[in-house]
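> Below is the file entry_29.cif, which contains mmCIF, C-alpha atoms.
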```cif
data_my_file
loop_
_atom_site.label_atom_id
_atom_site.label_comp_id
_atom_site.auth_asym_id
_atom_site.auth_seq_id
_atom_site.Cartn_x
_atom_site.Cartn_y
_atom_site.Cartn_z
CA MET A 1 10.07 3.37 15.30
CA LYS A 2 8.74 1.02 12.66
CA ILE A 3 7.08 2.85 9.80
CA VAL A 4 5.29 1.35 6.81
CA VAL A 5 4.89 3.66 3.81
CA LYS A 6 2.59 2.77 0.95
CA ILE A 7 3.30 4.57 -2.32
CA GLY A 8 0.43 4.69 -4.77
CA GLY A 9 0.79 4.00 -8.46
CA ALA A 10 0.24 7.63 -9.47
CA ALA A 11 3.21 8.77 -7.37
CA LEU A 12 5.36 6.12 -9.01
CA GLU A 13 4.47 7.52 -12.43
CA ASN A 14 5.62 11.08 -11.72
CA GLN A 15 9.42 11.24 -11.48
CA SER A 16 9.48 14.48 -9.51
CA THR A 17 6.98 13.17 -6.96
CA LEU A 18 8.76 9.81 -6.78
CA ARG A 19 12.09 11.49 -6.02
CA LYS A 20 10.43 13.48 -3.24
CA CYS A 21 8.92 10.30 -1.76
CA VAL A 22 12.19 8.39 -1.98
CA ARG A 23 14.20 11.21 -0.37
CA SER A 24 11.75 11.34 2.54
CA ILE A 25 11.85 7.57 3.04
CA VAL A 26 15.65 7.54 3.01
CA GLU A 27 15.66 10.43 5.49
CA LEU A 28 13.38 8.47 7.84
CA ALA A 29 15.62 5.40 7.62
CA GLY A 30 18.69 7.58 8.09
CA ASP A 31 17.19 8.89 11.33
CA GLY A 32 17.16 5.36 12.67
CA HIS A 33 13.61 4.30 11.89
CA ARG A 34 12.88 0.89 10.40
CA VAL A 35 10.97 1.68 7.22
CA ALA A 36 9.19 -0.76 4.92
CA VAL A 37 7.73 0.35 1.59
CA VAL A 38 4.69 -1.21 -0.05
CA HIS A 39 3.91 -0.03 -3.57
CA GLY A 40 1.00 -0.10 -5.94
CA GLY A 41 1.35 0.10 -9.69
CA GLY A 42 -2.17 0.08 -11.03
CA SER A 43 -1.45 2.62 -13.75
CA ALA A 44 1.50 0.63 -15.08
CA LEU A 45 -0.54 -2.57 -14.98
CA THR A 46 -3.49 -0.99 -16.80
CA ARG A 47 -1.10 0.31 -19.46
CA ALA A 48 0.50 -3.11 -19.93
CA LEU A 49 -2.90 -4.81 -20.15
CA LYS A 50 -4.05 -2.32 -22.76
CA LEU A 51 -0.94 -2.95 -24.87
CA LEU A 52 -1.79 -6.65 -24.76
CA GLY A 53 -5.41 -6.02 -25.74
CA LYS A 54 -7.00 -6.66 -22.35
CA LYS A 55 -9.58 -4.38 -20.75
CA SER A 56 -9.49 -3.52 -17.05
CA GLU A 57 -12.64 -3.96 -14.98
CA PHE A 58 -12.99 -2.77 -11.40
CA ILE A 59 -15.54 -3.65 -8.72
CA ASN A 60 -15.52 -1.51 -5.57
CA GLY A 61 -12.00 -0.39 -6.36
CA LEU A 62 -10.64 -3.92 -6.95
CA ARG A 63 -9.38 -5.12 -10.32
CA VAL A 64 -11.09 -8.22 -11.71
CA THR A 65 -8.16 -10.56 -12.37
CA ASP A 66 -8.32 -13.60 -14.65
CA ALA A 67 -5.32 -15.93 -14.98
CA GLU A 68 -3.75 -13.96 -17.81
CA THR A 69 -4.21 -10.64 -16.01
CA ARG A 70 -2.67 -12.19 -12.89
CA ASP A 71 0.40 -13.27 -14.83
CA ILE A 72 0.80 -9.79 -16.28
CA ALA A 73 0.34 -8.30 -12.80
CA LEU A 74 3.13 -10.53 -11.51
CA MET A 75 5.38 -9.41 -14.34
CA VAL A 76 4.64 -5.70 -13.92
CA LEU A 77 4.26 -5.33 -10.14
CA ALA A 78 6.89 -7.79 -8.90
CA GLY A 79 9.10 -6.94 -11.87
CA ILE A 80 9.56 -3.52 -13.40
CA VAL A 81 7.66 -1.46 -10.78
CA ASN A 82 9.32 -3.13 -7.80
CA LYS A 83 12.83 -3.07 -9.25
CA SER A 84 12.50 0.54 -10.41
CA LEU A 85 11.61 1.58 -6.86
CA VAL A 86 14.50 -0.46 -5.46
CA ALA A 87 16.81 1.38 -7.88
CA ALA A 88 15.40 4.78 -6.91
CA LEU A 89 15.97 4.12 -3.20
CA GLY A 90 19.48 2.90 -3.90
CA ALA A 91 20.24 6.03 -5.92
CA ALA A 92 18.98 8.13 -2.98
CA GLY A 93 21.56 6.54 -0.71
CA LEU A 94 20.24 3.41 0.99
CA PRO A 95 20.15 -0.23 -0.15
CA ALA A 96 16.70 -1.70 -0.73
CA VAL A 97 15.58 -5.29 -1.23
CA GLY A 98 12.54 -6.00 -3.39
CA LEU A 99 10.19 -8.80 -2.41
CA CYS A 100 6.80 -10.10 -3.48
CA GLY A 101 4.59 -12.08 -1.14
CA GLY A 102 5.84 -15.38 -2.53
CA ASP A 103 9.47 -14.68 -1.61
CA GLY A 104 10.24 -16.55 1.60
CA MET A 105 6.47 -17.18 1.89
CA ALA A 106 6.41 -13.69 3.40
CA PHE A 107 2.74 -13.03 2.60
CA ARG A 108 0.22 -15.83 2.14
CA ALA A 109 -3.11 -15.21 0.46
CA ARG A 110 -6.51 -16.76 -0.05
CA LYS A 111 -9.08 -15.95 -2.70
CA LYS A 112 -11.09 -12.84 -1.89
CA HIS A 113 -14.84 -13.39 -1.98
CA MET A 114 -17.26 -10.59 -2.78
CA PRO A 115 -20.99 -11.41 -2.67
CA GLY A 116 -22.43 -11.48 -6.18
CA TYR A 117 -19.07 -11.24 -7.97
CA ASP A 118 -16.13 -13.42 -8.92
CA LEU A 119 -12.98 -11.31 -8.81
CA GLY A 120 -10.82 -14.15 -10.14
CA PHE A 121 -7.24 -14.21 -8.83
CA VAL A 122 -7.77 -11.37 -6.38
CA GLY A 123 -6.63 -12.36 -2.92
CA GLU A 124 -6.63 -11.20 0.65
CA ILE A 125 -3.75 -11.66 3.06
CA CYS A 126 -4.27 -14.49 5.54
CA SER A 127 -0.80 -14.69 7.12
CA VAL A 128 2.48 -12.77 7.20
CA GLU A 129 6.01 -13.90 8.07
CA PRO A 130 7.78 -10.68 9.17
CA ARG A 131 11.23 -12.23 9.77
CA TRP A 132 12.36 -11.37 6.24
CA MET A 133 11.62 -7.69 6.82
CA GLU A 134 13.40 -7.91 10.17
CA ALA A 135 16.42 -9.49 8.47
CA ILE A 136 16.61 -6.69 5.89
CA TRP A 137 16.26 -4.04 8.60
CA GLY A 138 18.98 -5.79 10.57
CA GLU A 139 21.35 -5.28 7.65
CA GLY A 140 20.47 -1.61 7.27
CA GLY A 141 18.21 -2.03 4.24
CA ILE A 142 14.69 -1.08 3.22
CA PRO A 143 12.26 -3.86 2.28
CA VAL A 144 10.19 -2.97 -0.80
CA LEU A 145 7.06 -5.11 -1.14
CA SER A 146 5.00 -5.66 -4.27
CA PRO A 147 1.29 -6.50 -3.88
CA VAL A 148 1.19 -10.11 -5.02
CA ALA A 149 1.06 -13.09 -2.65
CA LEU A 150 1.06 -16.87 -2.84
CA GLY A 151 -1.96 -18.99 -1.95
CA SER A 152 -1.95 -22.45 -0.36
CA ASP A 153 -3.03 -23.72 -3.79
CA GLY A 154 0.30 -22.64 -5.25
CA GLU A 155 -1.29 -19.82 -7.24
CA TYR A 156 -0.25 -16.19 -7.10
CA TYR A 157 -2.95 -13.68 -6.21
CA ASN A 158 -3.23 -9.99 -7.00
CA ILE A 159 -3.56 -8.10 -3.70
CA ASN A 160 -4.85 -4.58 -3.25
CA ALA A 161 -1.72 -2.63 -2.25
CA ASP A 162 -3.53 -0.75 0.53
CA GLU A 163 -4.56 -4.07 2.08
CA MET A 164 -1.00 -5.36 1.66
CA ALA A 165 0.33 -2.30 3.49
CA ALA A 166 -2.12 -2.74 6.37
CA ALA A 167 -1.24 -6.43 6.74
CA CYS A 168 2.46 -5.56 6.66
CA ALA A 169 2.06 -2.86 9.32
CA ALA A 170 0.01 -5.11 11.59
CA ALA A 171 2.40 -8.06 11.29
CA CYS A 172 5.54 -6.10 12.10
CA HIS A 173 3.82 -4.11 14.88
CA ALA A 174 4.42 -0.81 13.13
CA ASP A 175 4.10 2.44 15.02
CA THR A 176 2.87 4.22 11.92
CA LEU A 177 1.29 3.45 8.56
CA ILE A 178 1.31 6.23 5.98
CA PHE A 179 -0.42 6.14 2.60
CA LEU A 180 1.17 8.45 0.03
CA THR A 181 -1.48 9.03 -2.61
CA ASP A 182 -2.42 11.28 -5.51
CA VAL A 183 -5.35 12.87 -3.66
CA ALA A 184 -5.26 15.53 -0.98
CA GLY A 185 -6.95 13.28 1.57
CA VAL A 186 -10.41 11.98 2.36
CA LYS A 187 -12.97 14.59 1.33
CA ASP A 188 -16.40 15.34 2.75
CA ALA A 189 -19.58 15.83 0.71
CA GLY A 190 -18.57 19.43 0.01
CA GLY A 191 -15.14 18.48 -1.32
CA ALA A 192 -13.15 19.68 1.70
CA VAL A 193 -10.37 17.49 3.10
CA ILE A 194 -11.27 15.91 6.45
CA PRO A 195 -8.23 16.35 8.74
CA TYR A 196 -9.33 13.70 11.27
CA LEU A 197 -11.65 10.80 10.54
CA SER A 198 -12.73 8.11 13.00
CA THR A 199 -13.25 4.53 11.94
CA LYS A 200 -16.91 4.87 13.02
CA GLU A 201 -17.40 7.79 10.65
CA VAL A 202 -16.05 5.80 7.70
CA GLY A 203 -19.21 3.68 7.50
CA ALA A 204 -21.43 6.74 7.16
CA LEU A 205 -19.26 8.17 4.38
CA VAL A 206 -19.49 4.89 2.48
CA ALA A 207 -23.26 4.56 3.02
CA ASP A 208 -23.81 8.10 1.75
CA ALA A 209 -21.54 7.43 -1.27
CA VAL A 210 -19.27 10.30 -0.22
CA VAL A 211 -16.30 7.98 -0.73
CA ALA A 212 -16.15 5.40 -3.49
CA GLY A 213 -13.79 3.60 -5.88
CA GLY A 214 -10.17 3.28 -4.79
CA MET A 215 -10.79 5.12 -1.52
CA LEU A 216 -12.97 2.23 -0.28
CA PRO A 217 -10.19 -0.37 0.07
CA LYS A 218 -7.87 2.35 1.40
CA LEU A 219 -10.20 3.21 4.27
CA GLU A 220 -10.85 -0.48 4.94
CA ALA A 221 -7.08 -0.92 5.17
CA CYS A 222 -6.79 2.02 7.58
CA SER A 223 -9.44 0.54 9.86
CA HIS A 224 -7.86 -2.93 9.72
CA ALA A 225 -4.43 -1.60 10.66
CA LEU A 226 -5.75 0.43 13.60
CA HIS A 227 -7.82 -2.45 14.96
CA LYS A 228 -4.74 -4.70 14.70
CA GLY A 229 -2.68 -2.38 16.89
CA VAL A 230 -0.90 -0.02 14.49
CA GLY A 231 -0.32 3.22 16.39
CA ARG A 232 -1.19 5.88 13.83
CA VAL A 233 -2.51 5.90 10.27
CA ARG A 234 -2.52 8.84 7.88
CA ILE A 235 -3.34 9.44 4.24
CA LEU A 236 -0.97 12.07 2.81
CA PRO A 237 -0.67 13.62 -0.65
CA ALA A 238 2.51 12.26 -2.22
CA ALA A 239 3.32 15.72 -3.56
CA GLN A 240 3.92 16.75 0.06
CA ALA A 241 5.98 13.72 1.02
CA GLU A 242 8.51 15.95 2.76
CA GLU A 243 5.98 16.10 5.63
CA LEU A 244 6.81 12.45 6.44
CA SER A 245 9.73 13.33 8.68
CA GLN A 246 7.52 15.66 10.73
CA PHE A 247 4.68 13.20 11.25
CA TYR A 248 5.37 12.57 14.93
CA PHE A 249 6.79 15.97 15.80
CA ALA A 250 4.51 18.58 14.26
CA LYS A 251 0.85 19.17 13.45
CA LEU A 252 0.49 18.44 9.76
CA SER A 253 -1.65 20.72 7.64
CA CYS A 254 -2.31 18.21 4.87
CA GLY A 255 -3.99 14.86 4.43
CA THR A 256 -6.33 12.88 6.66
CA GLU A 257 -5.46 11.05 9.87
CA VAL A 258 -7.71 8.06 10.53
CA ILE A 259 -8.23 7.34 14.22
CA CYS A 260 -9.66 4.30 15.98
CA ALA A 261 -13.07 4.86 17.55
#
```
What does this structure look like when you write it as structure tokens?

Amino acid sequence: MKIVVKIGGAALENQSTLRKCVRSIVELAGDGHRVAVVHGGGSALTRALKLLGKKSEFINGLRVTDAETRDIALMVLAGIVNKSLVAALGAAGLPAVGLCGGDGMAFRARKKHMPGYDLGFVGEICSVEPRWMEAIWGEGGIPVLSPVALGSDGEYYNINADEMAAACAAACHADTLIFLTDVAGVKDAGGAVIPYLSTKEVGALVADAVVAGGMLPKLEACSHALHKGVGRVRILPAAQAEELSQFYFAKLSCGTEVICA
């Protein structure tokens, strides 16, 4: 099977959680699955921006990105975060190859438009060339993708990592897309985790402000992936990453599975 795993920035920050995620990914690949990893890194980027005297502003879960912020994002996300994850996977026993969207023109972007706002150098994926991932899989490696992509104007764009993961999964015809995150799953108005959530129900949760912030682009990404043919999509707490290997073979007691309806 082809499996795309997105690791959120919070999981990357906690070494114990990161080791658990990496072990599970290596186990999946060792079982013969073709696994691609897409990572975030928002916490590391916010920290770097603060050190350089820049404030972070978010609109509907997306970071407003001027040219300087974009350059710092490229440095942090395609640099230290990506290469640290490549090193962690290598230490766990399998070779990994780090890429950003500009490498091999793997992910092309266009400026993301949001009515009433200018997000700056925030992009959305408009095309994907999956042959580089296929080449890495063919050599027994794990592609590790950072969420920056190149526009037709020659500019790099900051991409929401959830959207990047969905585009990756759709382009390579993945059987499964799994989001490893720092929350237990999608929660209802009473704070209880929703085990199964249809794409139709997502709209009502957004309209009622039950979900907001970073969960908005995540659920949009889930819906996009399912409508583009990805078999299954689930949001799992990274602290329980060991459940990854059981995703297709057992009923999981954690997280939220998003289903197409």
> Find the residues near range 191-193 of chain A: any atom within 12 Å, counting only C-alpha atoms, skip ones fewer than 2 places away on the same chain, and give them as a PDB file with C-alpha atoms, in the frame of the given file.

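Below you can see selection-v6.pdb, which holds the result:
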```pdb
ATOM      1  CA  VAL A 183      -5.350  12.870  -3.660  1.00  0.00           C
ATOM      2  CA  ALA A 184      -5.260  15.530  -0.980  1.00  0.00           C
ATOM      3  CA  GLY A 185      -6.950  13.280   1.570  1.00  0.00           C
ATOM      4  CA  VAL A 186     -10.410  11.980   2.360  1.00  0.00           C
ATOM      5  CA  LYS A 187     -12.970  14.590   1.330  1.00  0.00           C
ATOM      6  CA  ASP A 188     -16.400  15.340   2.750  1.00  0.00           C
ATOM      7  CA  ALA A 189     -19.580  15.830   0.710  1.00  0.00           C
ATOM      8  CA  PRO A 195      -8.230  16.350   8.740  1.00  0.00           C
ATOM      9  CA  TYR A 196      -9.330  13.700  11.270  1.00  0.00           C
ATOM     10  CA  LEU A 197     -11.650  10.800  10.540  1.00  0.00           C
ATOM     11  CA  VAL A 210     -19.270  10.300  -0.220  1.00  0.00           C
ATOM     12  CA  VAL A 211     -16.300   7.980  -0.730  1.00  0.00           C
ATOM     13  CA  ILE A 235      -3.340   9.440   4.240  1.00  0.00           C
ATOM     14  CA  LEU A 236      -0.970  12.070   2.810  1.00  0.00           C
ATOM     15  CA  PRO A 237      -0.670  13.620  -0.650  1.00  0.00           C
ATOM     16  CA  SER A 253      -1.650  20.720   7.640  1.00  0.00           C
ATOM     17  CA  CYS A 254      -2.310  18.210   4.870  1.00  0.00           C
ATOM     18  CA  GLY A 255      -3.990  14.860   4.430  1.00  0.00           C
ATOM     19  CA  THR A 256      -6.330  12.880   6.660  1.00  0.00           C
ATOM     20  CA  GLU A 257      -5.460  11.050   9.870  1.00  0.00           C
TER      21      GLU A 257
END
```
> Provide an axis-aligned box for all listed atoms of range 113-131 of chain A, padding each side by 6 Å; report its centre and its edge lengths in Å to one decimal, as lines of an AutoDock Vina configuration file.

```
center_x = -5.6
center_y = -12.6
center_z = -0.2
size_x = 45.7
size_y = 16.1
size_z = 31.9
```
> The PyMOL selection byres ((chain A and resi 46) around 12) on the file shown: which residues, as number ranges by chain?
A: 9-10, 40-45, 47-58, 63-65, 69-70, 72-73, 76-77
> Could you state which residues are captured by the PyMOL selection byres ((chain A and resi 59-61) around 6) in this file, as a tab-separated table (two decimals) with C-alpha atoms, keeping the file's coordinate frame?

```tsv
chain	number	residue	atom	x	y	z
A	58	PHE	CA	-12.99	-2.77	-11.40
A	62	LEU	CA	-10.64	-3.92	-6.95
A	213	GLY	CA	-13.79	3.60	-5.88
A	214	GLY	CA	-10.17	3.28	-4.79
```
> Between CA of Gly123 in chain A and CA of Val144 in chain A, what is the distance, to one decimal in Å?
19.4 Å
> Assuming the chain letters and numbering stay as they are in my file, what does the PyMOL selection byres ((chain A and resi 112) around 10) actually select? List them as a ChimeraX atom specification.
/A:109-111,113-114,118-125,157-159
> Return the single residue from A:Gly190, A:Gly140, A:Pro115, A:Gly203 that is closest to Asp31 in chain A, with distances computed using all atoms listed in the file.
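Once distances to Asp31 in chain A are computed over all atoms listed in the file, the minimum belongs to A:Gly140.
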> My list of candidates is A:Ala149, A:Val258, A:Ala67, A:Ala225. Which is closest to Leu99 in chain A when distances are computed with all atoms listed in the file?
A:Ala149
> Determine, counting only C-alpha atoms, which protein, DNA and RNA residues have an atom within 9 Å of an atom of Leu226 in chain A; residues of the same chain fewer than 2 positions away are not included. Present the result as a list of chain:residue names.
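Answer for this query is A:Ala166, A:Ala170, A:Thr199, A:Ala221, A:Cys222, A:Ser223, A:His224, A:Lys228, A:Gly229, A:Val230, A:Gly231, A:Arg232, A:Val233, A:Val258, A:Ile259, A:Cys260.
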> Given the choices A:Glu242, A:Leu150, A:Asp66, A:Gly116, which gets closest to Arg23 in chain A if the distance is worked out from all atoms listed in the file?
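Smallest separation from Arg23 in chain A among the options: A:Glu242.
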> Between CA of Arg234 in chain A and CA of Gly104 in chain A, what is the distance in Å, rounded to a tenth?
29.1 Å
> Could you please determine the separation between CA of Thr181 in chain A and CA of Ala88 in chain A in Å, to one decimal place?
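Going from CA of Thr181 in chain A over to CA of Ala88 in chain A covers 17.9 Å.
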> Write a file for range 85-147 of chain A, containing C-alpha atoms (output as a short mmCIF file (atom, residue, chain, number, x, y, z; two decimals), in the first residue's frame).

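Output (selection20.cif):
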```cif
data_model
loop_
_atom_site.label_atom_id
_atom_site.label_comp_id
_atom_site.auth_asym_id
_atom_site.auth_seq_id
_atom_site.Cartn_x
_atom_site.Cartn_y
_atom_site.Cartn_z
CA LEU A 85 13.53 14.32 10.41
CA VAL A 86 15.65 12.70 7.69
CA ALA A 87 18.32 12.02 10.32
CA ALA A 88 15.78 10.56 12.77
CA LEU A 89 14.43 8.15 10.15
CA GLY A 90 17.95 7.13 9.19
CA ALA A 91 18.81 6.48 12.83
CA ALA A 92 15.69 4.30 13.10
CA GLY A 93 16.96 2.08 10.31
CA LEU A 94 15.80 3.28 6.89
CA PRO A 95 17.29 5.84 4.48
CA ALA A 96 15.21 8.95 3.88
CA VAL A 97 15.52 11.67 1.26
CA GLY A 98 14.40 15.20 2.11
CA LEU A 99 12.72 17.31 -0.54
CA CYS A 100 10.91 20.62 -0.74
CA GLY A 101 8.39 21.37 -3.46
CA GLY A 102 11.00 23.14 -5.58
CA ASP A 103 13.25 20.07 -5.82
CA GLY A 104 12.63 18.45 -9.19
CA MET A 105 9.61 20.77 -9.53
CA ALA A 106 7.85 18.14 -7.44
CA PHE A 107 5.16 20.49 -6.12
CA ARG A 108 4.10 23.63 -7.97
CA ALA A 109 2.16 26.37 -6.24
CA ARG A 110 0.10 29.45 -6.95
CA LYS A 111 -0.76 32.29 -4.61
CA LYS A 112 -3.62 31.43 -2.27
CA HIS A 113 -6.44 33.96 -2.34
CA MET A 114 -8.70 34.53 0.65
CA PRO A 115 -11.54 37.06 0.25
CA GLY A 116 -10.80 40.21 2.23
CA TYR A 117 -7.21 39.28 3.10
CA ASP A 118 -3.77 39.23 1.52
CA LEU A 119 -1.84 36.28 2.94
CA GLY A 120 1.35 37.25 1.10
CA PHE A 121 3.54 34.33 0.01
CA VAL A 122 1.07 31.67 1.10
CA GLY A 123 0.39 29.25 -1.71
CA GLU A 124 -1.82 26.37 -2.68
CA ILE A 125 -0.67 23.34 -4.64
CA CYS A 126 -1.67 23.42 -8.30
CA SER A 127 0.33 20.45 -9.64
CA VAL A 128 2.42 17.54 -8.38
CA GLU A 129 5.09 15.45 -10.12
CA PRO A 130 5.09 12.13 -8.19
CA ARG A 131 7.95 10.48 -10.12
CA TRP A 132 10.51 11.68 -7.58
CA MET A 133 8.66 9.95 -4.76
CA GLU A 134 8.34 6.84 -6.92
CA ALA A 135 12.10 6.94 -7.59
CA ILE A 136 12.90 7.14 -3.87
CA TRP A 137 10.48 4.30 -3.10
CA GLY A 138 12.07 2.27 -5.88
CA GLU A 139 15.41 2.53 -4.09
CA GLY A 140 13.94 1.51 -0.73
CA GLY A 141 13.86 5.00 0.77
CA ILE A 142 11.32 7.27 2.43
CA PRO A 143 10.60 10.66 0.84
CA VAL A 144 10.35 13.43 3.44
CA LEU A 145 8.56 16.53 2.13
CA SER A 146 8.72 20.04 3.56
CA PRO A 147 5.75 22.37 2.99
#
```
